[in-house]
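To start, the structure itself, in structure tokens.
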There are 2 protein chains.
Amino acid sequence: MTERILATYIIETAHPLEKAAAAMAGEQSSGTFVPVPGETDELRARYGAQIVRITQLDATETPSLPGSKAPKKGETPPTYRRAEVVLSFPYENVGPSLPALMSTVAGNLFELGQFSGLRLVDIDLPQPFADAYPGPQFGVEGTRRLAGVYDRPLIGTIIKPSVGLSIEETADLVKTLIEAGLDFIKDDELIANPPYSPVAKRAEVIMRVINDHAERTGKKVMYAFNISGEIDEMRHSHDAVLAAGGTCIMVSLLAVGLSGVSALRRHSGLPIHGHRNGWGALTRHPLLGFDYRGFQKFWRLAGADHLHVNGIRNKFCESDESVIASARECLTPMLGGYTVMPVFSSGQSAEQAPDTFKALGSVDLMYLAGGGIIAHPGGPAAGVASLIQSWEAAVGGIPLAEYAKSHSALRQALEKYRNE
Amino acid sequence: MTERILATYIIETAHPLEKAAAAMAGEQSSGTFVPVPGETDELRARYGAQIVRITQLDATETPSLPGSKAPKKGETPPTYRRAEVVLSFPYENVGPSLPALMSTVAGNLFELGQFSGLRLVDIDLPQPFADAYPGPQFGVEGTRRLAGVYDRPLIGTIIKPSVGLSIEETADLVKTLIEAGLDFIKDDELIANPPYSPVAKRAEVIMRVINDHAERTGKKVMYAFNISGEIDEMRHSHDAVLAAGGTCIMVSLLAVGLSGVSALRRHSGLPIHGHRNGWGALTRHPLLGFDYRGFQKFWRLAGADHLHVNGIRNKFCESDESVIASARECLTPMLGGYTVMPVFSSGQSAEQAPDTFKALGSVDLMYLAGGGIIAHPGGPAAGVASLIQSWEAAVGGIPLAEYAKSHSALRQALEKYRNE
């Protein structure tokens with residue numbers, strides 16, 4: 001028996017579930033309902049996708065998405081049934097290729113006339129993908145080694161304002177942030193390689209600050225330079241970051257694309273910080289697009305070492321349950337390896353550490369704060385200290401208020417951020 | 001005044017429209033509501049995005065997407081107002097980079113808490129993008145020259161079954177299709193470079209059939225080989241297609257990604273047939289993701305020569321109006337050039353030619369049919385003839401039924417497909 005790729009979907013359809021699932025399987029392999037010359041029984045048996053399981057869920061009278069076509073002879077008005085459907089595709093159809101996999105499990109499916117909802121929840125891949133894709137080069141362990149941070153989250157921040165700072169102004173800000181004790185700093189996703197701040201030059205100037213500090217103190221802060229761009233441009237930028245002594249590059253995964261990230265991974269000597277901006281378009285409707293569970297597997301294989309997962313009590317539309325589920329997936333080994341570090345950000349302060357740790361049971365993460373550091377009443381150093389202290393309390397099982405009694409940075413943070 | 005990028009959105013929000021639009025502009029440039037040290041008035045003036053126009057549309061009591069946050073002190077229950085919003089971003093923020101542009105106009109926006117709907121409708125780019133990106137290398141004219149087809153649409157088909165045919169079986173099928181008189185044949189998007197049919201070998205064997213036919217008859221059919229894959233793999237596959245005498249390559253745009261397609265364009269000596277599979281996830285909810293109008297501009301700049309637009313009376317969820325609007329956009333010059341050929345497919349037969357021509361007013365398109373050719377009662381050659389005849393009638397302003405009296409292939413087609 002040939003190896004197979006599993007894909008799990010949530011569907012909503014006015015058609016009989018078996019028939020709708022068969023349409024998905026047929027459309028995405030061999031086995032259309034229209035008889036085609038050459039589509040023999042042998043071919044269908046060998047190359048056809050199969051329905052592994054259909055689990056009926058709830059139903060509704062109102063279609064979740066417009067445009068679907070009800071069966072010609074059916075109920076009036078039709079009922080739109082929801083179900084979880086697991087399909088299996090022969091690995092042989094696809095070969096060890098992430099782009100080909102994407103077109104197979106998430107190609108011409110979302111707009112099929114039978115469906116008023118279709119969402120890819122998860123994928124499960126056979127071994128040949130692990131043989132073909134090296135995956136994350138650094139992951140959790142490599143990132144910790146480069147940053148010199150163990151047994152707690154990496155505490156980080158994002159350069160703000162997002163755009164417009166000159167290279168010298170950015171370097172000055174970096175100096176302040178480093179002196180505050182941060183482990184990790186990143187470019188905003190809105191600054192990549194613009195004429196007013198070319199990333200190669202930015203890396204050179206900023207790494208001078210970071211290297212100086214490392215020489216004096218032994219602590220080398222990890223800075224993720226956003227090198228998102230065209231392939232040759234990214235390779236060139238990567239080389240400049242590496243030559244300047246940098247220890248991390250960042251890419252906007254969706255803007256660059258799968259084959260671009262994968263090419264960068266094969267070239268890179270640095271961890272790849274994967275930013276998911278644009279992800280909202282693919283996930284925000286609950287019956288369209290992707291769950292992060294399946295989606296992040298593409299980028300782990302492509303080689304991202306860190307993956308953004310939002311943060312609990314964030315400023316976006318995502319629920320805490322969804323954030324935690326995403327982070328758990330990042331920490332779940334895939335194909336026997338491919339560890340990846342979840343990155344928490346958006347509205348984070350000392351306040352969310354206990355709930356985050358409780359839900360996740362791990363400190364293998366990045367914890368990025370903006371206002372939670374910069375706006376701390378005691379200054380940025382106290383802001384960083386408050387985050388480290390909050391995680392000490394969380395891991396030690398000590399209530400924040402209790403731990404705050406003997407830790408003033410945490411105490412000030414709780415006073416400030418609890419009221420916001 | 002610096003050059004600017006315009007982006008048009010449809011939004012839905014329970015917040016005051018001005019405030020919601022300002023949040024979008026601030027989030028995607030400099031000008032957050034949270035004061036950040038270093039964000040001076042000069043910086044905001046130079047790098048901040050600006051609201052160009054807000055046009056209020058309708059309103060609803062029910063949010064279109066879950067998760068949005070109503071204003072703290074507001075109407076109870078809130079009204080969700082819809083509006084068209086045009087923002088302008090300084091070109092200087094982004095530089096001449098499609099990935100950086102994508103993160104700016106379609107990055108962390110879709111999940112902002114203020115919005116129960118957010119969709120990018122269109123973008124308008126300044127000249128530096130035209131200087132940086134060569135765009136389509138062949139477009140309509142180059143494609144016609146290579147295919148030797150003028151003054152009518154290129155008539156094409158897709159190899160079916162989608163997957164599973166051996167290379168020899170595919171070549172046999174190609175022989176039949178060529179003899180039927182087709183101008184254009186393409187791989188299905190489900191077959192790229194799998195072990196059972198490596199694309200380099202497939203190109204070699206299929207091009208032998210096509211070249212033989214061309215030598216005998218002078219007609220060289222254009223075959224779009226699906227080379228979607230990793231960067232180096234695609235370059236290698238492209239070289240193999242070119243060496244075999246091929247005249248077209250195909251890529252799954254979304255699976256490969258912007259930087260991958262752009263890298264391929266810079267390497268390519270062949271037209272790039274852009275397949276949009278996966279597009280449904282980005283467009284199917286009317287208040288989320290993208291309109292094709294803005295979306296296709298990214299891929300034209302990246303270098304696609306042909307772009308799929310679905311077809312009227314298709315088997316998917318898309319309306320005819322939407323299909324025609326997409327095709328019109330493809331034929332509208334962008335930045336003074338960048339012509340691209342719209343590709344009509346899905347459920348097409350002789351039957352849709354007059355309406356397509358009437359709506360579009362052009363024959364600069366590809367018209368792909370499967371059943372409309374293969375299932376023609378007179379055989380594939382009569383199928384192709386029926387399509388050519390239907391376009392002759394359409395362009396001549398002659399009703400199909402009238403033209404069918406003197407054209408038997410068309411007559412048979414109308415009898416068959418009108419009843420379906």
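Residue numbering restarts at 1 for every chain of the structure tokens, chains are lettered A, B, ... in their displayed order, and ligands are numbered from 1 as they appear.
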>> List as a VMD selection string the protein and nucleic acid residues near segment 168-171 of chain B, meaning an atom at most 7 Å away when only C-alpha atoms are counted, but skip any in the same chain fewer than 5 places from it.
In response: chain B and resid 205 to 206 209
Per DSSP on the backbone, filter segment 272-385 of chain B down to the residues in strand (DSSP E) and report them as a PDB file with all heavy atoms, in the first residue's frame.
ATOM      1  N   ILE B 272       4.322  32.658 -18.687  1.00  0.00           N
ATOM      2  CA  ILE B 272       3.934  32.022 -17.422  1.00  0.00           C
ATOM      3  C   ILE B 272       2.410  32.000 -17.330  1.00  0.00           C
ATOM      4  O   ILE B 272       1.762  33.057 -17.294  1.00  0.00           O
ATOM      5  CB  ILE B 272       4.540  32.778 -16.227  1.00  0.00           C
ATOM      6  CG1 ILE B 272       6.075  32.719 -16.296  1.00  0.00           C
ATOM      7  CG2 ILE B 272       4.028  32.215 -14.911  1.00  0.00           C
ATOM      8  CD1 ILE B 272       6.793  33.581 -15.257  1.00  0.00           C
ATOM      9  N   HIS B 273       1.868  30.801 -17.310  1.00  0.00           N
ATOM     10  CA  HIS B 273       0.422  30.602 -17.190  1.00  0.00           C
ATOM     11  C   HIS B 273       0.080  30.549 -15.702  1.00  0.00           C
ATOM     12  O   HIS B 273       0.446  29.607 -15.011  1.00  0.00           O
ATOM     13  CB  HIS B 273       0.057  29.291 -17.906  1.00  0.00           C
ATOM     14  CG  HIS B 273      -1.413  29.020 -18.012  1.00  0.00           C
ATOM     15  ND1 HIS B 273      -2.202  29.586 -18.983  1.00  0.00           N
ATOM     16  CD2 HIS B 273      -2.240  28.247 -17.269  1.00  0.00           C
ATOM     17  CE1 HIS B 273      -3.451  29.172 -18.850  1.00  0.00           C
ATOM     18  NE2 HIS B 273      -3.503  28.356 -17.808  1.00  0.00           N
ATOM     19  N   GLY B 274      -0.599  31.585 -15.225  1.00  0.00           N
ATOM     20  CA  GLY B 274      -0.836  31.708 -13.779  1.00  0.00           C
ATOM     21  C   GLY B 274      -2.153  31.077 -13.355  1.00  0.00           C
ATOM     22  O   GLY B 274      -3.224  31.555 -13.723  1.00  0.00           O
ATOM     23  N   HIS B 275      -2.059  30.014 -12.569  1.00  0.00           N
ATOM     24  CA  HIS B 275      -3.258  29.337 -12.066  1.00  0.00           C
ATOM     25  C   HIS B 275      -3.543  29.839 -10.659  1.00  0.00           C
ATOM     26  O   HIS B 275      -2.639  29.956  -9.846  1.00  0.00           O
ATOM     27  CB  HIS B 275      -3.024  27.823 -12.049  1.00  0.00           C
ATOM     28  CG  HIS B 275      -4.296  27.040 -11.996  1.00  0.00           C
ATOM     29  ND1 HIS B 275      -5.046  26.925 -10.847  1.00  0.00           N
ATOM     30  CD2 HIS B 275      -4.952  26.348 -12.950  1.00  0.00           C
ATOM     31  CE1 HIS B 275      -6.111  26.179 -11.110  1.00  0.00           C
ATOM     32  NE2 HIS B 275      -6.087  25.821 -12.381  1.00  0.00           N
ATOM     33  N   LEU B 288     -14.294  39.798   3.443  1.00  0.00           N
ATOM     34  CA  LEU B 288     -12.987  39.350   3.935  1.00  0.00           C
ATOM     35  C   LEU B 288     -12.079  39.084   2.740  1.00  0.00           C
ATOM     36  O   LEU B 288     -12.544  38.676   1.675  1.00  0.00           O
ATOM     37  CB  LEU B 288     -13.163  38.064   4.767  1.00  0.00           C
ATOM     38  CG  LEU B 288     -11.900  37.482   5.410  1.00  0.00           C
ATOM     39  CD1 LEU B 288     -11.302  38.437   6.437  1.00  0.00           C
ATOM     40  CD2 LEU B 288     -12.213  36.129   6.073  1.00  0.00           C
ATOM     41  N   GLY B 289     -10.815  39.331   2.930  1.00  0.00           N
ATOM     42  CA  GLY B 289      -9.826  38.940   1.920  1.00  0.00           C
ATOM     43  C   GLY B 289      -9.644  39.962   0.821  1.00  0.00           C
ATOM     44  O   GLY B 289      -9.361  41.128   1.077  1.00  0.00           O
ATOM     45  N   PHE B 290      -9.838  39.525  -0.427  1.00  0.00           N
ATOM     46  CA  PHE B 290      -9.478  40.336  -1.586  1.00  0.00           C
ATOM     47  C   PHE B 290     -10.537  40.276  -2.681  1.00  0.00           C
ATOM     48  O   PHE B 290     -11.131  39.238  -2.912  1.00  0.00           O
ATOM     49  CB  PHE B 290      -8.202  39.786  -2.249  1.00  0.00           C
ATOM     50  CG  PHE B 290      -6.961  39.819  -1.408  1.00  0.00           C
ATOM     51  CD1 PHE B 290      -6.737  38.864  -0.433  1.00  0.00           C
ATOM     52  CD2 PHE B 290      -5.998  40.795  -1.616  1.00  0.00           C
ATOM     53  CE1 PHE B 290      -5.579  38.879   0.334  1.00  0.00           C
ATOM     54  CE2 PHE B 290      -4.841  40.821  -0.854  1.00  0.00           C
ATOM     55  CZ  PHE B 290      -4.622  39.861   0.117  1.00  0.00           C
ATOM     56  N   HIS B 306      -0.593  34.891 -18.241  1.00  0.00           N
ATOM     57  CA  HIS B 306      -1.993  34.465 -18.341  1.00  0.00           C
ATOM     58  C   HIS B 306      -2.529  34.341 -16.919  1.00  0.00           C
ATOM     59  O   HIS B 306      -1.827  33.848 -16.042  1.00  0.00           O
ATOM     60  CB  HIS B 306      -2.127  33.089 -19.012  1.00  0.00           C
ATOM     61  CG  HIS B 306      -1.290  32.907 -20.239  1.00  0.00           C
ATOM     62  ND1 HIS B 306      -0.762  31.687 -20.612  1.00  0.00           N
ATOM     63  CD2 HIS B 306      -0.869  33.792 -21.169  1.00  0.00           C
ATOM     64  CE1 HIS B 306      -0.072  31.826 -21.735  1.00  0.00           C
ATOM     65  NE2 HIS B 306      -0.108  33.093 -22.090  1.00  0.00           N
ATOM     66  N   LEU B 307      -3.766  34.763 -16.706  1.00  0.00           N
ATOM     67  CA  LEU B 307      -4.369  34.657 -15.373  1.00  0.00           C
ATOM     68  C   LEU B 307      -5.766  34.061 -15.455  1.00  0.00           C
ATOM     69  O   LEU B 307      -6.610  34.551 -16.221  1.00  0.00           O
ATOM     70  CB  LEU B 307      -4.438  36.037 -14.702  1.00  0.00           C
ATOM     71  CG  LEU B 307      -3.128  36.571 -14.115  1.00  0.00           C
ATOM     72  CD1 LEU B 307      -3.319  38.017 -13.659  1.00  0.00           C
ATOM     73  CD2 LEU B 307      -2.649  35.716 -12.955  1.00  0.00           C
ATOM     74  N   HIS B 308      -5.999  33.043 -14.657  1.00  0.00           N
ATOM     75  CA  HIS B 308      -7.321  32.403 -14.636  1.00  0.00           C
ATOM     76  C   HIS B 308      -8.367  33.331 -14.031  1.00  0.00           C
ATOM     77  O   HIS B 308      -8.110  34.028 -13.062  1.00  0.00           O
ATOM     78  CB  HIS B 308      -7.255  31.099 -13.847  1.00  0.00           C
ATOM     79  CG  HIS B 308      -6.754  29.958 -14.672  1.00  0.00           C
ATOM     80  ND1 HIS B 308      -7.536  28.879 -14.990  1.00  0.00           N
ATOM     81  CD2 HIS B 308      -5.564  29.757 -15.276  1.00  0.00           C
ATOM     82  CE1 HIS B 308      -6.831  28.042 -15.750  1.00  0.00           C
ATOM     83  NE2 HIS B 308      -5.629  28.550 -15.932  1.00  0.00           N
ATOM     84  N   MET B 341      -3.298  37.935 -20.264  1.00  0.00           N
ATOM     85  CA  MET B 341      -4.375  37.278 -20.990  1.00  0.00           C
ATOM     86  C   MET B 341      -5.298  36.573 -20.009  1.00  0.00           C
ATOM     87  O   MET B 341      -4.851  35.684 -19.273  1.00  0.00           O
ATOM     88  CB  MET B 341      -3.754  36.255 -21.938  1.00  0.00           C
ATOM     89  CG  MET B 341      -4.647  35.864 -23.081  1.00  0.00           C
ATOM     90  SD  MET B 341      -3.643  35.117 -24.411  1.00  0.00           S
ATOM     91  CE  MET B 341      -4.670  35.460 -25.825  1.00  0.00           C
ATOM     92  N   PRO B 342      -6.582  36.933 -19.956  1.00  0.00           N
ATOM     93  CA  PRO B 342      -7.490  36.223 -19.062  1.00  0.00           C
ATOM     94  C   PRO B 342      -7.789  34.819 -19.590  1.00  0.00           C
ATOM     95  O   PRO B 342      -7.911  34.628 -20.797  1.00  0.00           O
ATOM     96  CB  PRO B 342      -8.747  37.090 -19.049  1.00  0.00           C
ATOM     97  CG  PRO B 342      -8.706  37.890 -20.300  1.00  0.00           C
ATOM     98  CD  PRO B 342      -7.257  38.031 -20.686  1.00  0.00           C
ATOM     99  N   VAL B 343      -7.871  33.872 -18.678  1.00  0.00           N
ATOM    100  CA  VAL B 343      -8.121  32.471 -19.024  1.00  0.00           C
ATOM    101  C   VAL B 343      -9.486  32.076 -18.498  1.00  0.00           C
ATOM    102  O   VAL B 343      -9.710  32.063 -17.285  1.00  0.00           O
ATOM    103  CB  VAL B 343      -7.046  31.550 -18.415  1.00  0.00           C
ATOM    104  CG1 VAL B 343      -7.283  30.100 -18.830  1.00  0.00           C
ATOM    105  CG2 VAL B 343      -5.654  32.028 -18.809  1.00  0.00           C
ATOM    106  N   PHE B 344     -10.398  31.781 -19.407  1.00  0.00           N
ATOM    107  CA  PHE B 344     -11.741  31.332 -19.043  1.00  0.00           C
ATOM    108  C   PHE B 344     -11.760  29.809 -18.984  1.00  0.00           C
ATOM    109  O   PHE B 344     -11.325  29.148 -19.921  1.00  0.00           O
ATOM    110  CB  PHE B 344     -12.762  31.812 -20.074  1.00  0.00           C
ATOM    111  CG  PHE B 344     -13.085  33.272 -19.956  1.00  0.00           C
ATOM    112  CD1 PHE B 344     -12.184  34.236 -20.389  1.00  0.00           C
ATOM    113  CD2 PHE B 344     -14.284  33.697 -19.387  1.00  0.00           C
ATOM    114  CE1 PHE B 344     -12.469  35.593 -20.276  1.00  0.00           C
ATOM    115  CE2 PHE B 344     -14.582  35.052 -19.268  1.00  0.00           C
ATOM    116  CZ  PHE B 344     -13.674  35.997 -19.700  1.00  0.00           C
ATOM    117  N   MET B 366      -8.065  33.251 -23.397  1.00  0.00           N
ATOM    118  CA  MET B 366      -8.037  31.808 -23.616  1.00  0.00           C
ATOM    119  C   MET B 366      -9.392  31.265 -23.191  1.00  0.00           C
ATOM    120  O   MET B 366      -9.942  31.688 -22.181  1.00  0.00           O
ATOM    121  CB  MET B 366      -6.952  31.176 -22.761  1.00  0.00           C
ATOM    122  CG  MET B 366      -5.567  31.538 -23.204  1.00  0.00           C
ATOM    123  SD  MET B 366      -4.357  30.577 -22.271  1.00  0.00           S
ATOM    124  CE  MET B 366      -2.901  30.937 -23.241  1.00  0.00           C
ATOM    125  N   TYR B 367      -9.869  30.336 -23.976  1.00  0.00           N
ATOM    126  CA  TYR B 367     -11.191  29.770 -23.721  1.00  0.00           C
ATOM    127  C   TYR B 367     -10.993  28.259 -23.587  1.00  0.00           C
ATOM    128  O   TYR B 367     -10.811  27.565 -24.587  1.00  0.00           O
ATOM    129  CB  TYR B 367     -12.111  30.135 -24.889  1.00  0.00           C
ATOM    130  CG  TYR B 367     -13.587  29.967 -24.632  1.00  0.00           C
ATOM    131  CD1 TYR B 367     -14.267  30.858 -23.803  1.00  0.00           C
ATOM    132  CD2 TYR B 367     -14.307  28.937 -25.224  1.00  0.00           C
ATOM    133  CE1 TYR B 367     -15.634  30.725 -23.572  1.00  0.00           C
ATOM    134  CE2 TYR B 367     -15.676  28.805 -24.999  1.00  0.00           C
ATOM    135  CZ  TYR B 367     -16.335  29.699 -24.174  1.00  0.00           C
ATOM    136  OH  TYR B 367     -17.681  29.565 -23.941  1.00  0.00           O
ATOM    137  N   LEU B 368     -10.988  27.781 -22.333  1.00  0.00           N
ATOM    138  CA  LEU B 368     -10.675  26.365 -22.091  1.00  0.00           C
ATOM    139  C   LEU B 368     -11.938  25.573 -21.815  1.00  0.00           C
ATOM    140  O   LEU B 368     -12.770  25.985 -21.006  1.00  0.00           O
ATOM    141  CB  LEU B 368      -9.744  26.213 -20.886  1.00  0.00           C
ATOM    142  CG  LEU B 368      -8.491  27.085 -20.812  1.00  0.00           C
ATOM    143  CD1 LEU B 368      -7.578  26.598 -19.680  1.00  0.00           C
ATOM    144  CD2 LEU B 368      -7.731  27.092 -22.117  1.00  0.00           C
TER     145      LEU B 368
END
> If you count only C-alpha atoms, which residues fall within 12 Å of Tyr417 of chain B, apart from same-chain ones fewer than 2 positions away, as a list in words?
Replying inline: Gly347, Gln348, Ser349, Ala350, Glu351, Gln352, Gly371, Gly372, Ile373, Ala375, His376, Pro377, Gly383, Ser386, Leu387, Leu410, Arg411, Gln412, Ala413, Leu414, Glu415, Asn419 and Glu420 of chain B
Could you please take those selected residues and save N, CA, C and O atoms as a short mmCIF file (atom, residue, chain, number, x, y, z; two decimals), in the first residue's frame?
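Saved file part.cif follows:
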data_model
loop_
_atom_site.label_atom_id
_atom_site.label_comp_id
_atom_site.auth_asym_id
_atom_site.auth_seq_id
_atom_site.Cartn_x
_atom_site.Cartn_y
_atom_site.Cartn_z
N GLY B 347 -16.62 24.48 -16.97
CA GLY B 347 -17.95 24.29 -17.55
C GLY B 347 -18.20 25.04 -18.84
O GLY B 347 -19.35 25.31 -19.19
N GLN B 348 -17.14 25.40 -19.56
CA GLN B 348 -17.32 26.20 -20.77
C GLN B 348 -17.62 25.31 -21.99
O GLN B 348 -17.06 24.22 -22.15
N SER B 349 -18.50 25.80 -22.84
CA SER B 349 -18.78 25.15 -24.13
C SER B 349 -19.10 26.25 -25.14
O SER B 349 -18.97 27.43 -24.82
N ALA B 350 -19.53 25.86 -26.33
CA ALA B 350 -19.89 26.85 -27.36
C ALA B 350 -20.94 27.83 -26.85
O ALA B 350 -20.99 28.99 -27.28
N GLU B 351 -21.71 27.36 -25.92
CA GLU B 351 -22.89 28.06 -25.42
C GLU B 351 -22.58 29.43 -24.79
O GLU B 351 -23.39 30.36 -24.89
N GLN B 352 -21.41 29.58 -24.14
CA GLN B 352 -21.13 30.83 -23.42
C GLN B 352 -20.39 31.89 -24.24
O GLN B 352 -20.16 33.00 -23.75
N GLY B 371 -15.32 18.99 -21.09
CA GLY B 371 -16.46 18.30 -21.66
C GLY B 371 -16.94 18.96 -22.95
O GLY B 371 -17.41 18.28 -23.87
N GLY B 372 -16.80 20.29 -23.03
CA GLY B 372 -17.23 21.03 -24.21
C GLY B 372 -16.48 20.61 -25.47
O GLY B 372 -16.92 20.89 -26.59
N ILE B 373 -15.35 19.94 -25.30
CA ILE B 373 -14.59 19.40 -26.44
C ILE B 373 -14.69 17.88 -26.50
O ILE B 373 -15.13 17.31 -27.49
N ALA B 375 -16.57 15.73 -24.92
CA ALA B 375 -17.88 15.07 -24.93
C ALA B 375 -18.74 15.48 -26.13
O ALA B 375 -19.91 15.13 -26.21
N HIS B 376 -18.17 16.24 -27.06
CA HIS B 376 -18.94 16.64 -28.26
C HIS B 376 -19.35 15.39 -29.04
O HIS B 376 -18.53 14.50 -29.27
N PRO B 377 -20.62 15.34 -29.46
CA PRO B 377 -21.12 14.13 -30.15
C PRO B 377 -20.32 13.77 -31.40
O PRO B 377 -20.22 12.59 -31.76
N GLY B 383 -15.69 19.21 -31.46
CA GLY B 383 -15.77 20.03 -30.25
C GLY B 383 -14.98 21.32 -30.42
O GLY B 383 -15.49 22.42 -30.13
N SER B 386 -16.63 23.57 -32.92
CA SER B 386 -17.85 24.22 -32.39
C SER B 386 -17.49 25.46 -31.59
O SER B 386 -18.21 26.46 -31.62
N LEU B 387 -16.37 25.41 -30.89
CA LEU B 387 -15.95 26.57 -30.10
C LEU B 387 -15.49 27.70 -31.01
O LEU B 387 -15.85 28.87 -30.81
N LEU B 410 -21.20 23.33 -34.52
CA LEU B 410 -21.89 24.22 -33.58
C LEU B 410 -23.31 23.71 -33.32
O LEU B 410 -23.77 23.71 -32.16
N ARG B 411 -23.96 23.26 -34.36
CA ARG B 411 -25.34 22.78 -34.20
C ARG B 411 -25.39 21.61 -33.22
O ARG B 411 -26.19 21.59 -32.29
N GLN B 412 -24.48 20.66 -33.41
CA GLN B 412 -24.45 19.51 -32.49
C GLN B 412 -24.14 19.95 -31.06
O GLN B 412 -24.70 19.41 -30.11
N ALA B 413 -23.23 20.91 -30.93
CA ALA B 413 -22.86 21.39 -29.59
C ALA B 413 -24.06 22.01 -28.90
O ALA B 413 -24.33 21.75 -27.72
N LEU B 414 -24.78 22.84 -29.63
CA LEU B 414 -25.92 23.50 -29.01
C LEU B 414 -26.97 22.49 -28.58
O LEU B 414 -27.55 22.60 -27.51
N GLU B 415 -27.18 21.48 -29.41
CA GLU B 415 -28.16 20.44 -29.05
C GLU B 415 -27.74 19.74 -27.77
O GLU B 415 -28.54 19.50 -26.88
N ASN B 419 -29.02 21.38 -23.26
CA ASN B 419 -29.88 20.53 -22.43
C ASN B 419 -29.25 20.17 -21.09
O ASN B 419 -29.82 19.44 -20.30
N GLU B 420 -28.03 20.63 -20.88
CA GLU B 420 -27.34 20.19 -19.65
C GLU B 420 -27.55 21.15 -18.49
O GLU B 420 -27.84 22.30 -18.69
#
>> List as JSON, numbers by chain the protein and nucleic acid residues near Ser97 of chain A, meaning an atom at most 9 Å away when only C-alpha atoms are counted, but skip any in the same chain fewer than 4 places from it.
In response: {"A": [101, 102, 129, 132, 133], "B": [192, 193, 194, 228, 229, 230]}
>> Neighbouring residues of Phe110 of chain B were defined as those with any atom within 7 Å, considering only C-alpha atoms; residues of the same chain fewer than 6 positions away were excluded. Please report them as a ChimeraX atom specification.
In response: /A:278,280-281 /B:118
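Here atom CA of Gly135 of chain B stands at a distance of 29.1 Å from atom CA of Ala353 of chain B.
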>> So that I can check the surroundings of Gln296 of chain A, please list as a PyMOL selection string every protein, DNA and RNA residue that reaches within 12 Å of it, counting only C-alpha atoms and ignoring chain neighbours fewer than 3 positions away.
In response: chain A and resi 120-124+135+253-254+258+274-276+279+290-293+299-309+325-332+334+338-342
>> Please extract the residues of segment 276-353 of chain A with a backbone DSSP assignment of helix (DSSP H, G or I) and present them as a PyMOL selection string.
In response: chain A and resi 279-283+292-302+320-331+350-353
> What lies within 9 Å of Ala14 of chain B using only C-alpha atoms, ignoring chain neighbours under 6 positions off, as number ranges by chain?
Replying inline: B: 20, 63, 68-71, 74-75, 78-81, 114-116
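With only C-alpha atoms as the atoms that count, the residue of B:Asp187, B:Glu141, B:Glu39, B:Glu12 with the shortest distance to chain A is B:Glu39.
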> Taking into account only C-alpha atoms, which residue in the set B:Pro99, B:Val323, B:Gln28, B:Gly113 is nearest to Gly257 of chain A?
Replying inline: B:Pro99
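When atom CA of Asn93 of chain B is paired with atom CA of Ile158 of chain A, their separation reads 17.0 Å.
Distance check against Leu98 of chain B using only C-alpha atoms: of A:Cys248, A:Leu270, A:Ile231, A:Ile312, the minimum falls on A:Ile231.
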>> Let me make sure I understand: among A:Ile11, A:Ala147, A:Leu65, A:Val256, which one has the smallest atom-to-atom distance to Arg82 of chain A if we use only C-alpha atoms?
In response: A:Ile11
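We find atom CA of Lys416 of chain A and atom CA of Ile374 of chain A to be spaced 12.2 Å apart.
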